[in-house]
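Asker: Take a look at upload02.cif, mmCIF, C-alpha atoms and all ligand atoms:
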data_entry
loop_
_atom_site.group_PDB
_atom_site.id
_atom_site.type_symbol
_atom_site.label_atom_id
_atom_site.label_comp_id
_atom_site.auth_asym_id
_atom_site.auth_seq_id
_atom_site.Cartn_x
_atom_site.Cartn_y
_atom_site.Cartn_z
ATOM 1 C CA MET A 282 39.685 31.996 87.102
ATOM 2 C CA THR A 283 40.986 35.518 86.430
ATOM 3 C CA ALA A 284 43.430 36.364 83.671
ATOM 4 C CA GLY A 285 45.941 37.692 86.214
ATOM 5 C CA ARG A 286 46.048 34.427 88.147
ATOM 6 C CA ILE A 287 46.281 32.335 84.965
ATOM 7 C CA LEU A 288 49.177 34.471 83.751
ATOM 8 C CA THR A 289 51.101 34.051 87.012
ATOM 9 C CA GLU A 290 50.719 30.265 86.954
ATOM 10 C CA ALA A 291 51.494 29.973 83.249
ATOM 11 C CA ALA A 292 54.642 32.104 83.526
ATOM 12 C CA ALA A 293 55.899 29.813 86.298
ATOM 13 C CA ARG A 294 55.220 26.745 84.118
ATOM 14 C CA LEU A 295 57.057 28.217 81.143
ATOM 15 C CA ALA A 296 59.988 29.283 83.325
ATOM 16 C CA ALA A 297 60.224 25.731 84.689
ATOM 17 C CA ALA A 298 60.290 24.426 81.096
ATOM 18 C CA GLY A 299 63.258 26.720 80.366
ATOM 19 C CA VAL A 300 61.336 29.069 78.069
ATOM 20 C CA GLU A 301 62.899 32.528 77.735
ATOM 21 C CA GLU A 302 60.694 35.518 78.611
ATOM 22 C CA PRO A 303 58.039 33.278 80.202
ATOM 23 C CA GLY A 304 55.802 36.162 81.307
ATOM 24 C CA LEU A 305 55.701 37.773 77.880
ATOM 25 C CA ASN A 306 54.993 34.460 76.147
ATOM 26 C CA ALA A 307 52.146 33.727 78.562
ATOM 27 C CA GLN A 308 50.666 37.187 77.932
ATOM 28 C CA TRP A 309 50.693 36.771 74.143
ATOM 29 C CA LEU A 310 49.132 33.310 74.372
ATOM 30 C CA LEU A 311 46.345 34.406 76.712
ATOM 31 C CA ALA A 312 45.646 37.591 74.743
ATOM 32 C CA ASP A 313 45.358 35.442 71.610
ATOM 33 C CA ALA A 314 43.044 32.926 73.317
ATOM 34 C CA LEU A 315 40.816 35.753 74.579
ATOM 35 C CA GLY A 316 40.963 37.648 71.281
ATOM 36 C CA MET A 317 41.992 40.862 73.043
ATOM 37 C CA PRO A 318 45.045 43.138 72.708
ATOM 38 C CA ARG A 319 47.879 42.137 75.049
ATOM 39 C CA LEU A 320 48.081 45.581 76.653
ATOM 40 C CA ARG A 321 44.365 45.528 77.466
ATOM 41 C CA LEU A 322 44.826 42.145 79.083
ATOM 42 C CA LEU A 323 47.526 43.629 81.310
ATOM 43 C CA ALA A 324 45.313 46.579 82.205
ATOM 44 C CA GLU A 325 42.380 44.283 83.091
ATOM 45 C CA PRO A 326 43.843 41.387 85.109
ATOM 46 C CA ASP A 327 40.416 40.643 86.660
ATOM 47 C CA THR A 328 39.002 39.544 83.294
ATOM 48 C CA GLN A 329 37.278 36.173 83.725
ATOM 49 C CA VAL A 330 38.623 33.515 81.355
ATOM 50 C CA LEU A 331 35.797 31.273 80.136
ATOM 51 C CA PRO A 332 36.349 27.545 79.449
ATOM 52 C CA ALA A 333 36.657 27.790 75.639
ATOM 53 C CA ALA A 334 39.396 30.448 75.885
ATOM 54 C CA ARG A 335 41.039 28.480 78.682
ATOM 55 C CA ARG A 336 41.222 25.364 76.476
ATOM 56 C CA LYS A 337 42.752 27.318 73.582
ATOM 57 C CA PHE A 338 45.256 28.889 75.975
ATOM 58 C CA GLU A 339 46.221 25.498 77.486
ATOM 59 C CA LYS A 340 46.865 24.100 73.990
ATOM 60 C CA GLY A 341 49.185 26.997 73.160
ATOM 61 C CA LEU A 342 50.913 26.750 76.517
ATOM 62 C CA LEU A 343 51.676 23.067 75.975
ATOM 63 C CA LEU A 344 53.180 23.795 72.562
ATOM 64 C CA LYS A 345 55.280 26.589 74.055
ATOM 65 C CA GLU A 346 56.496 24.274 76.831
ATOM 66 C CA GLN A 347 57.565 21.869 74.097
ATOM 67 C CA GLY A 348 59.706 24.583 72.526
ATOM 68 C CA LEU A 349 57.633 25.732 69.548
ATOM 69 C CA PRO A 350 58.254 29.372 68.504
ATOM 70 C CA LEU A 351 55.510 31.686 69.744
ATOM 71 C CA ALA A 352 54.911 32.963 66.202
ATOM 72 C CA TYR A 353 54.105 29.427 64.965
ATOM 73 C CA ILE A 354 51.550 29.025 67.770
ATOM 74 C CA LEU A 355 49.930 32.397 67.100
ATOM 75 C CA GLY A 356 50.266 31.899 63.332
ATOM 76 C CA TRP A 357 51.753 35.330 62.681
ATOM 77 C CA GLN A 358 54.714 37.601 63.351
ATOM 78 C CA ASP A 359 54.721 41.379 63.336
ATOM 79 C CA PHE A 360 57.271 42.777 60.864
ATOM 80 C CA ARG A 361 57.578 46.549 61.095
ATOM 81 C CA GLY A 362 53.829 46.801 61.647
ATOM 82 C CA LEU A 363 52.883 44.283 58.954
ATOM 83 C CA ARG A 364 51.206 41.085 60.149
ATOM 84 C CA ILE A 365 53.040 38.258 58.377
ATOM 85 C CA LYS A 366 51.527 34.775 58.459
ATOM 86 C CA VAL A 367 54.128 32.211 59.541
ATOM 87 C CA ASP A 368 54.095 28.479 60.157
ATOM 88 C CA GLY A 369 56.497 25.545 59.947
ATOM 89 C CA ARG A 370 57.110 26.214 56.233
ATOM 90 C CA VAL A 371 59.129 29.371 56.922
ATOM 91 C CA LEU A 372 61.629 31.010 59.255
ATOM 92 C CA VAL A 373 60.097 33.403 61.789
ATOM 93 C CA PRO A 374 61.291 36.888 60.716
ATOM 94 C CA ARG A 375 63.701 38.365 63.281
ATOM 95 C CA PRO A 376 64.067 41.936 64.597
ATOM 96 C CA GLU A 377 67.495 42.257 62.907
ATOM 97 C CA THR A 378 65.809 41.606 59.568
ATOM 98 C CA GLU A 379 63.455 44.510 60.248
ATOM 99 C CA GLU A 380 66.622 46.626 60.410
ATOM 100 C CA LEU A 381 67.865 45.191 57.096
ATOM 101 C CA ALA A 382 64.533 46.060 55.473
ATOM 102 C CA GLY A 383 64.824 49.586 56.912
ATOM 103 C CA LEU A 384 68.283 50.031 55.367
ATOM 104 C CA ALA A 385 66.952 48.840 52.004
ATOM 105 C CA ALA A 386 64.001 51.248 52.184
ATOM 106 C CA ASP A 387 66.334 54.157 53.036
ATOM 107 C CA PHE A 388 68.446 53.340 49.983
ATOM 108 C CA LEU A 389 65.493 52.880 47.616
ATOM 109 C CA ARG A 390 63.833 56.125 48.751
ATOM 110 C CA GLY A 391 66.875 57.971 47.392
ATOM 111 C CA ARG A 392 66.364 56.597 43.865
ATOM 112 C CA LYS A 393 64.042 58.012 41.240
ATOM 113 C CA GLY A 394 61.378 56.516 38.975
ATOM 114 C CA PRO A 395 59.854 53.065 38.953
ATOM 115 C CA LEU A 396 61.895 50.844 41.248
ATOM 116 C CA SER A 397 62.536 47.127 41.431
ATOM 117 C CA ALA A 398 64.017 44.991 44.174
ATOM 118 C CA LEU A 399 64.898 41.348 44.622
ATOM 119 C CA ASP A 400 64.255 39.683 47.982
ATOM 120 C CA TYR A 401 66.553 36.672 47.764
ATOM 121 C CA GLY A 402 65.691 33.736 50.047
ATOM 122 C CA SER A 403 62.338 35.357 50.652
ATOM 123 C CA GLY A 404 60.900 32.842 53.161
ATOM 124 C CA SER A 405 57.601 34.251 54.469
ATOM 125 C CA GLY A 406 58.085 37.234 52.140
ATOM 126 C CA ALA A 407 58.412 39.671 55.053
ATOM 127 C CA ILE A 408 61.211 41.836 53.610
ATOM 128 C CA GLY A 409 59.793 42.214 50.111
ATOM 129 C CA LEU A 410 56.215 42.682 51.276
ATOM 130 C CA TRP A 411 57.144 45.343 53.786
ATOM 131 C CA LEU A 412 59.276 47.196 51.203
ATOM 132 C CA ALA A 413 56.389 47.162 48.738
ATOM 133 C CA SER A 414 53.991 48.385 51.422
ATOM 134 C CA GLU A 415 56.333 51.332 52.120
ATOM 135 C CA LEU A 416 57.268 52.261 48.560
ATOM 136 C CA PRO A 417 54.321 52.537 46.157
ATOM 137 C CA ALA A 418 56.609 52.764 43.082
ATOM 138 C CA LEU A 419 58.407 49.524 43.942
ATOM 139 C CA LYS A 420 57.998 46.123 42.311
ATOM 140 C CA VAL A 421 59.488 43.159 44.142
ATOM 141 C CA THR A 422 60.520 39.694 43.058
ATOM 142 C CA GLY A 423 61.104 37.130 45.778
ATOM 143 C CA VAL A 424 63.278 34.123 44.945
ATOM 144 C CA GLU A 425 63.191 31.165 47.283
ATOM 145 C CA LYS A 426 64.519 27.600 47.211
ATOM 146 C CA SER A 427 61.716 26.034 49.264
ATOM 147 C CA ALA A 428 58.441 25.501 47.362
ATOM 148 C CA ARG A 429 56.574 25.407 50.680
ATOM 149 C CA ALA A 430 57.977 28.810 51.621
ATOM 150 C CA VAL A 431 57.051 30.247 48.196
ATOM 151 C CA LYS A 432 53.471 29.145 48.828
ATOM 152 C CA CYS A 433 53.428 30.829 52.248
ATOM 153 C CA ALA A 434 54.858 34.068 50.798
ATOM 154 C CA CYS A 435 52.252 34.094 47.997
ATOM 155 C CA GLU A 436 49.512 33.670 50.616
ATOM 156 C CA ASN A 437 50.933 36.641 52.510
ATOM 157 C CA ALA A 438 51.056 38.756 49.343
ATOM 158 C CA LEU A 439 47.369 38.016 48.689
ATOM 159 C CA ASP A 440 46.319 38.573 52.320
ATOM 160 C CA LEU A 441 48.117 41.926 52.380
ATOM 161 C CA GLY A 442 46.752 43.048 49.005
ATOM 162 C CA LEU A 443 50.250 43.331 47.529
ATOM 163 C CA ALA A 444 50.190 40.511 44.964
ATOM 164 C CA GLU A 445 50.115 42.915 42.014
ATOM 165 C CA ARG A 446 53.537 44.347 42.888
ATOM 166 C CA VAL A 447 55.182 41.434 44.673
ATOM 167 C CA ARG A 448 55.676 38.014 43.135
ATOM 168 C CA PHE A 449 57.471 35.020 44.556
ATOM 169 C CA VAL A 450 59.186 32.337 42.479
ATOM 170 C CA LYS A 451 61.014 29.143 43.284
ATOM 171 C CA GLY A 452 64.738 29.257 42.554
ATOM 172 C CA ALA A 453 68.105 28.433 44.046
ATOM 173 C CA SER A 454 70.404 30.775 42.173
ATOM 174 C CA LEU A 455 70.559 34.340 40.948
ATOM 175 C CA SER A 456 69.799 33.681 37.293
ATOM 176 C CA ALA A 457 69.171 36.456 34.795
ATOM 177 C CA ARG A 458 65.466 36.062 34.189
ATOM 178 C CA SER A 459 64.289 39.666 34.247
ATOM 179 C CA GLU A 460 65.359 43.313 34.112
ATOM 180 C CA PRO A 461 68.163 44.248 36.510
ATOM 181 C CA PHE A 462 67.218 45.447 39.982
ATOM 182 C CA ASP A 463 67.766 48.668 41.940
ATOM 183 C CA ALA A 464 68.426 46.602 45.053
ATOM 184 C CA ILE A 465 69.075 42.999 45.965
ATOM 185 C CA VAL A 466 68.187 42.393 49.592
ATOM 186 C CA SER A 467 68.829 39.120 51.335
ATOM 187 C CA ASN A 468 68.822 37.486 54.711
ATOM 188 C CA PRO A 469 70.405 34.231 53.500
ATOM 189 C CA PRO A 470 70.898 31.135 55.656
ATOM 190 C CA TYR A 471 74.178 31.937 57.416
ATOM 191 C CA ILE A 472 74.677 29.486 60.267
ATOM 192 C CA PRO A 473 77.706 27.211 59.801
ATOM 193 C CA THR A 474 76.563 23.574 59.444
ATOM 194 C CA ARG A 475 78.537 22.370 62.484
ATOM 195 C CA VAL A 476 76.759 24.883 64.758
ATOM 196 C CA ILE A 477 73.243 23.695 63.838
ATOM 197 C CA PRO A 478 72.948 20.688 66.235
ATOM 198 C CA GLY A 479 73.654 22.930 69.251
ATOM 199 C CA LEU A 480 70.931 25.493 68.465
ATOM 200 C CA ALA A 481 67.987 26.047 70.839
ATOM 201 C CA PRO A 482 64.973 23.744 70.268
ATOM 202 C CA GLU A 483 62.887 26.713 69.141
ATOM 203 C CA VAL A 484 65.322 27.465 66.342
ATOM 204 C CA LEU A 485 65.626 23.793 65.417
ATOM 205 C CA SER A 486 61.881 23.656 64.793
ATOM 206 C CA GLU A 487 62.373 26.107 61.913
ATOM 207 C CA PRO A 488 63.228 24.797 58.409
ATOM 208 C CA ARG A 489 66.844 23.671 58.215
ATOM 209 C CA VAL A 490 67.193 25.112 54.713
ATOM 210 C CA ALA A 491 66.534 28.539 56.260
ATOM 211 C CA LEU A 492 69.386 28.146 58.742
ATOM 212 C CA ASP A 493 72.203 26.100 57.237
ATOM 213 C CA GLY A 494 74.640 28.276 55.295
ATOM 214 C CA GLY A 495 77.202 25.517 54.657
ATOM 215 C CA GLY A 496 80.737 25.031 56.023
ATOM 216 C CA ASP A 497 81.440 28.603 57.190
ATOM 217 C CA GLY A 498 77.833 29.732 56.800
ATOM 218 C CA LEU A 499 78.520 31.904 53.772
ATOM 219 C CA ASP A 500 77.651 29.648 50.805
ATOM 220 C CA VAL A 501 74.569 31.591 49.695
ATOM 221 C CA ALA A 502 76.010 35.010 50.647
ATOM 222 C CA ARG A 503 79.133 34.365 48.542
ATOM 223 C CA MET A 504 77.022 33.272 45.577
ATOM 224 C CA LEU A 505 75.073 36.544 45.854
ATOM 225 C CA VAL A 506 78.255 38.632 45.991
ATOM 226 C CA ARG A 507 79.573 36.815 42.911
ATOM 227 C CA LEU A 508 76.419 37.078 40.793
ATOM 228 C CA ALA A 509 74.817 40.315 42.029
ATOM 229 C CA PRO A 510 76.869 42.652 39.769
ATOM 230 C CA SER A 511 75.229 41.073 36.709
ATOM 231 C CA ARG A 512 71.747 41.488 38.227
ATOM 232 C CA LEU A 513 71.984 45.067 39.530
ATOM 233 C CA ARG A 514 71.498 48.379 37.730
ATOM 234 C CA LYS A 515 74.479 50.754 37.820
ATOM 235 C CA GLY A 516 74.478 52.309 41.291
ATOM 236 C CA GLY A 517 72.102 49.603 42.561
ATOM 237 C CA ALA A 518 72.812 48.112 45.978
ATOM 238 C CA LEU A 519 73.366 44.710 47.500
ATOM 239 C CA LEU A 520 72.224 44.545 51.132
ATOM 240 C CA LEU A 521 72.870 41.427 53.178
ATOM 241 C CA GLU A 522 72.204 40.289 56.722
ATOM 242 C CA LEU A 523 74.845 37.985 58.186
ATOM 243 C CA GLY A 524 75.858 36.364 61.468
ATOM 244 C CA GLU A 525 78.295 37.703 64.039
ATOM 245 C CA ASP A 526 81.870 38.012 62.726
ATOM 246 C CA GLN A 527 80.873 37.389 59.090
ATOM 247 C CA ALA A 528 80.161 40.828 57.596
ATOM 248 C CA GLY A 529 83.694 42.285 57.663
ATOM 249 C CA GLY A 530 85.275 39.278 55.931
ATOM 250 C CA LEU A 531 82.658 39.140 53.215
ATOM 251 C CA LEU A 532 82.918 42.885 52.564
ATOM 252 C CA ALA A 533 86.692 42.611 52.206
ATOM 253 C CA ALA A 534 86.190 39.937 49.526
ATOM 254 C CA MET A 535 84.085 42.286 47.352
ATOM 255 C CA PRO A 536 86.373 43.624 44.595
ATOM 256 C CA ALA A 537 86.810 47.404 44.505
ATOM 257 C CA ALA A 538 86.711 47.178 40.705
ATOM 258 C CA LEU A 539 83.049 46.125 40.875
ATOM 259 C CA TRP A 540 81.718 47.764 44.048
ATOM 260 C CA ARG A 541 81.643 51.240 45.593
ATOM 261 C CA ASP A 542 80.366 52.716 48.891
ATOM 262 C CA LYS A 543 81.193 49.389 50.552
ATOM 263 C CA ARG A 544 80.383 49.366 54.248
ATOM 264 C CA THR A 545 79.064 47.307 57.103
ATOM 265 C CA HIS A 546 76.288 48.401 59.469
ATOM 266 C CA LYS A 547 75.803 47.438 63.082
ATOM 267 C CA ASP A 548 72.473 46.160 64.344
ATOM 268 C CA LEU A 549 70.775 47.649 67.413
ATOM 269 C CA ARG A 550 72.747 45.294 69.673
ATOM 270 C CA GLY A 551 76.006 46.636 68.244
ATOM 271 C CA VAL A 552 76.778 43.544 66.149
ATOM 272 C CA GLU A 553 78.339 44.247 62.746
ATOM 273 C CA ARG A 554 75.600 42.403 60.885
ATOM 274 C CA PHE A 555 74.801 44.064 57.566
ATOM 275 C CA VAL A 556 76.773 44.446 54.347
ATOM 276 C CA PHE A 557 75.980 47.308 51.978
ATOM 277 C CA ALA A 558 77.658 47.947 48.623
ATOM 278 C CA ARG A 559 76.715 49.620 45.338
ATOM 279 C CA LYS A 560 77.509 48.362 41.867
ATOM 280 C CA LYS A 561 79.979 50.589 40.012
HETATM 281 C C1 LIG B 601 67.318 33.043 56.933
HETATM 282 S S1 LIG B 601 65.939 32.611 55.950
HETATM 283 C C2 LIG B 601 65.255 34.203 55.577
HETATM 284 C C3 LIG B 601 63.795 34.183 55.287
HETATM 285 C C4 LIG B 601 63.189 35.591 55.172
HETATM 286 N N1 LIG B 601 63.803 36.353 54.117
HETATM 287 C C5 LIG B 601 63.360 36.336 56.479
HETATM 288 O O1 LIG B 601 64.244 37.184 56.569
HETATM 289 O O2 LIG B 601 62.632 36.044 57.425
HETATM 290 C C6 LIG B 601 66.738 32.131 54.434
HETATM 291 C C7 LIG B 601 65.785 31.727 53.329
HETATM 292 O O3 LIG B 601 66.571 31.397 52.175
HETATM 293 C C8 LIG B 601 66.071 30.212 51.586
HETATM 294 N N2 LIG B 601 67.200 29.591 50.867
HETATM 295 C C9 LIG B 601 68.189 28.793 51.348
HETATM 296 N N3 LIG B 601 69.074 28.500 50.378
HETATM 297 C C10 LIG B 601 68.658 29.138 49.270
HETATM 298 C C11 LIG B 601 69.159 29.239 47.933
HETATM 299 N N4 LIG B 601 70.275 28.640 47.532
HETATM 300 N N5 LIG B 601 68.455 29.973 47.042
HETATM 301 C C12 LIG B 601 67.301 30.591 47.403
HETATM 302 N N6 LIG B 601 66.782 30.540 48.648
HETATM 303 C C13 LIG B 601 67.460 29.842 49.568
HETATM 304 C C14 LIG B 601 65.529 29.407 52.748
HETATM 305 O O4 LIG B 601 64.578 28.462 52.342
HETATM 306 C C15 LIG B 601 64.936 30.511 53.636
HETATM 307 O O5 LIG B 601 63.599 30.763 53.327
#
In structure tokens, how does this file's structure come out?
Answerer:
Amino acid sequence: MTAGRILTEAAARLAAAGVEEPGLNAQWLLADALGMPRLRLLAEPDTQVLPAARRKFEKGLLLKEQGLPLAYILGWQDFRGLRIKVDGRVLVPRPETEELAGLAADFLRGRKGPLSALDYGSGSGAIGLWLASELPALKVTGVEKSARAVKCACENALDLGLAERVRFVKGASLSARSEPFDAIVSNPPYIPTRVIPGLAPEVLSEPRVALDGGGDGLDVARMLVRLAPSRLRKGGALLLELGEDQAGGLLAAMPAALWRDKRTHKDLRGVERFVFARKK
């Protein structure tokens, strides 16, 4: 059967299963099964799909119908051009987090000398690894509560050849174990506990510890705001990603005696999602 016909049928199956963007998901799965770039697949719809590729594709399609994130099926997620290995041990990095990493890079580029950053709640390691890949003078420490996630992040650091400048450690608080940082960057779990049961099946297949931010979703974010001043260099920045309607309130709770240049940033969808502030 041709790739074009398979894609049409698969998209209909995924749509019937309630999968969002069924056509795009089908394209990624077939491109992966054929080992060819997705855009080439689209340009060559008459490509014959041989049985081995067909079997691999069917397996992925079934998993997608069951609500598994595409990135878990493929085994990777693109993060600002970096291929990050992901599986059930870690959250799939989101596009908003690419924006957070961009804000952190913009800030760090304006500072001189050897630089250090903390990626708190590092998950797959996407933020810290991308920052290190962009900024040759930067050393990154990733702190993460889940031992399974730390292992995944370390694997990514090795695969990407960044292990000399990026290390990941297990931890659940912002303890003073090293020199202060130029930036603390975090995409903490920020979903209020009561909201979790109603999330889409795809999201629910990701680790709960990566989602659940406690009663109002801000448990980890508040801890970071409280402890970050003791872990930042003077003029260093705290950059956080939060959920809708959370950034303004958290920013207001950051004392002017400790912080300057306090502001929120909108994401590309216009949601006020990021908090930025510098230590006085
Ligand atoms: C929303 S995920 C972000 C993962 C990754 N940084 C990203 O952006 O894709 C939050 C991460 O924080 C970790 N985490 C949750 N509570 C934590 C805590 N108290 N201390 C450290 N890490 C925590 C979770 O295991 C998860 O990996």
Asker: Just so the selection is clear, what residues does the PyMOL selection byres (((chain A and resi 316) around 12) and not hetatm) cover here, as a PyMOL selection string?
Answerer: chain A and resi 308-315+317-322+330+333-335+337-338+355
Asker: Find the distance between CA of Thr422 in chain A and CA of Leu389 in chain A and write it in Å to one decimal.
Answerer: 14.8 Å
Asker: Which residues fall under the PyMOL selection byres (((chain A and resi 357-374) around 6) and not hetatm) in this file, as a list in words?
Answerer: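 That selection, the PyMOL selection byres (((chain A and resi 357-374) around 6) and not hetatm), comes back as Ala352, Tyr353, Leu355, Gly356, Arg375, Gly404, Ser405, Arg429, Ala430 and Glu487 of chain A.
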Asker: Near Glu290 in chain A, within 12 Å and counting all atoms listed in the file, which residues show up once chain neighbours fewer than 4 positions away are dropped, as a short mmCIF file (atom, residue, chain, number, x, y, z; two decimals) with C-alpha atoms, in the frame of the given file?
Answerer:
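In the end it all went to result-v3.cif:
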data_model
loop_
_atom_site.label_atom_id
_atom_site.label_comp_id
_atom_site.auth_asym_id
_atom_site.auth_seq_id
_atom_site.Cartn_x
_atom_site.Cartn_y
_atom_site.Cartn_z
CA MET A 282 39.68 32.00 87.10
CA THR A 283 40.99 35.52 86.43
CA ALA A 284 43.43 36.36 83.67
CA GLY A 285 45.94 37.69 86.21
CA ARG A 286 46.05 34.43 88.15
CA ARG A 294 55.22 26.74 84.12
CA LEU A 295 57.06 28.22 81.14
CA ALA A 296 59.99 29.28 83.32
CA ALA A 297 60.22 25.73 84.69
CA PRO A 303 58.04 33.28 80.20
CA GLY A 304 55.80 36.16 81.31
CA ALA A 307 52.15 33.73 78.56
CA GLN A 308 50.67 37.19 77.93
CA LEU A 311 46.34 34.41 76.71
CA GLU A 339 46.22 25.50 77.49
CA LEU A 342 50.91 26.75 76.52
#
Asker: So that I can see what lies close to Tyr471 in chain A, please list as a count of residues only the residues with an atom at most 10 Å from it, counting only C-alpha atoms and leaving out residues fewer than 3 positions away in the same chain.
Answerer: 19
Asker: Name the residues that the PyMOL selection byres (((chain A and resi 300) around 12) and not hetatm) picks from the file above, as a list in words, using the file's chain letters and numbers.
Answerer: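 This file, filtered by the PyMOL selection byres (((chain A and resi 300) around 12) and not hetatm), leaves Ala291, Ala292, Ala293, Arg294, Leu295, Ala296, Ala297, Ala298, Gly299, Glu301, Glu302, Pro303, Gly304, Leu305, Asn306, Ala307, Leu342, Leu343, Leu344, Lys345, Glu346, Gln347, Gly348, Leu349, Pro350, Leu351, Ala481, Pro482 and Glu483 of chain A.
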Asker: How far is it from CA of Phe388 in chain A to CA of Ala407 in chain A, in Å with one decimal?
Answerer: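 Atom-to-atom, CA of Phe388 in chain A to CA of Ala407 in chain A, that is 17.7 Å.
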Asker: What is the atom C9 of ligand LIG 601 (chain B) to CA of Pro395 in chain A distance in Å?
Answerer: 28.5 Å
Asker: Taking every listed atom of ligand LIG 601 (chain B) and adding 4 Å to each side, what centre and edge lengths in Å (one decimal) does the axis-aligned box have, as lines of an AutoDock Vina configuration file?
Answerer:
center_x = 66.5
center_y = 32.8
center_z = 52.2
size_x = 15.6
size_y = 16.7
size_z = 18.4
Asker: Using all atoms listed in the file, pick whichever of A:Gly442, A:Pro510, A:Pro469, A:Gly394 has the shortest atom-to-atom distance to Leu410 in chain A.
Answerer: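 When distances to Leu410 in chain A are compared using all atoms listed in the file, the smallest one comes from A:Gly442.
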Asker: Taking into account all atoms listed in the file, which residue in the set A:Thr378, A:Ser459, A:Asn437, A:Thr289 is nearest to ligand LIG 601 (chain B)?
Answerer: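 Once distances to ligand LIG 601 (chain B) are computed over all atoms listed in the file, the minimum belongs to A:Thr378.
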Asker: Tell me, as a ChimeraX atom specification, which residues lie within 9 Å of Arg489 in chain A, counting all atoms listed in the file; anything in the same chain fewer than 4 positions away does not count.
Answerer: /A:470,477,485,493
Asker: What's the 9 Å shell around Leu520 in chain A, counting only C-alpha atoms, without same-chain residues fewer than 4 positions away, as a PyMOL selection string?
Answerer: chain A and resi 381-382+384-385+464-468+555-559
Asker: So, counting all atoms listed in the file, which residue among A:Val490, A:Ala518, A:Val431, A:Val552 is closest to Phe449 in chain A?
Answerer: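 Closest candidate: A:Val431.
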Asker: Between A:Gly551, A:Pro461, A:Gly402, A:Gly479, which has the minimum distance to Gly516 in chain A (counting only C-alpha atoms)?
Answerer: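 Using only C-alpha atoms, the shortest distance to Gly516 in chain A belongs to A:Pro461.
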Asker: Nearest to ligand LIG 601 (chain B) among A:Val424, A:Leu416, A:Leu396, A:Ile287, with distances taken over all atoms listed in the file: which residue is it?
Answerer: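 Ranking A:Val424, A:Leu416, A:Leu396, A:Ile287 by distance to ligand LIG 601 (chain B), first place goes to A:Val424.
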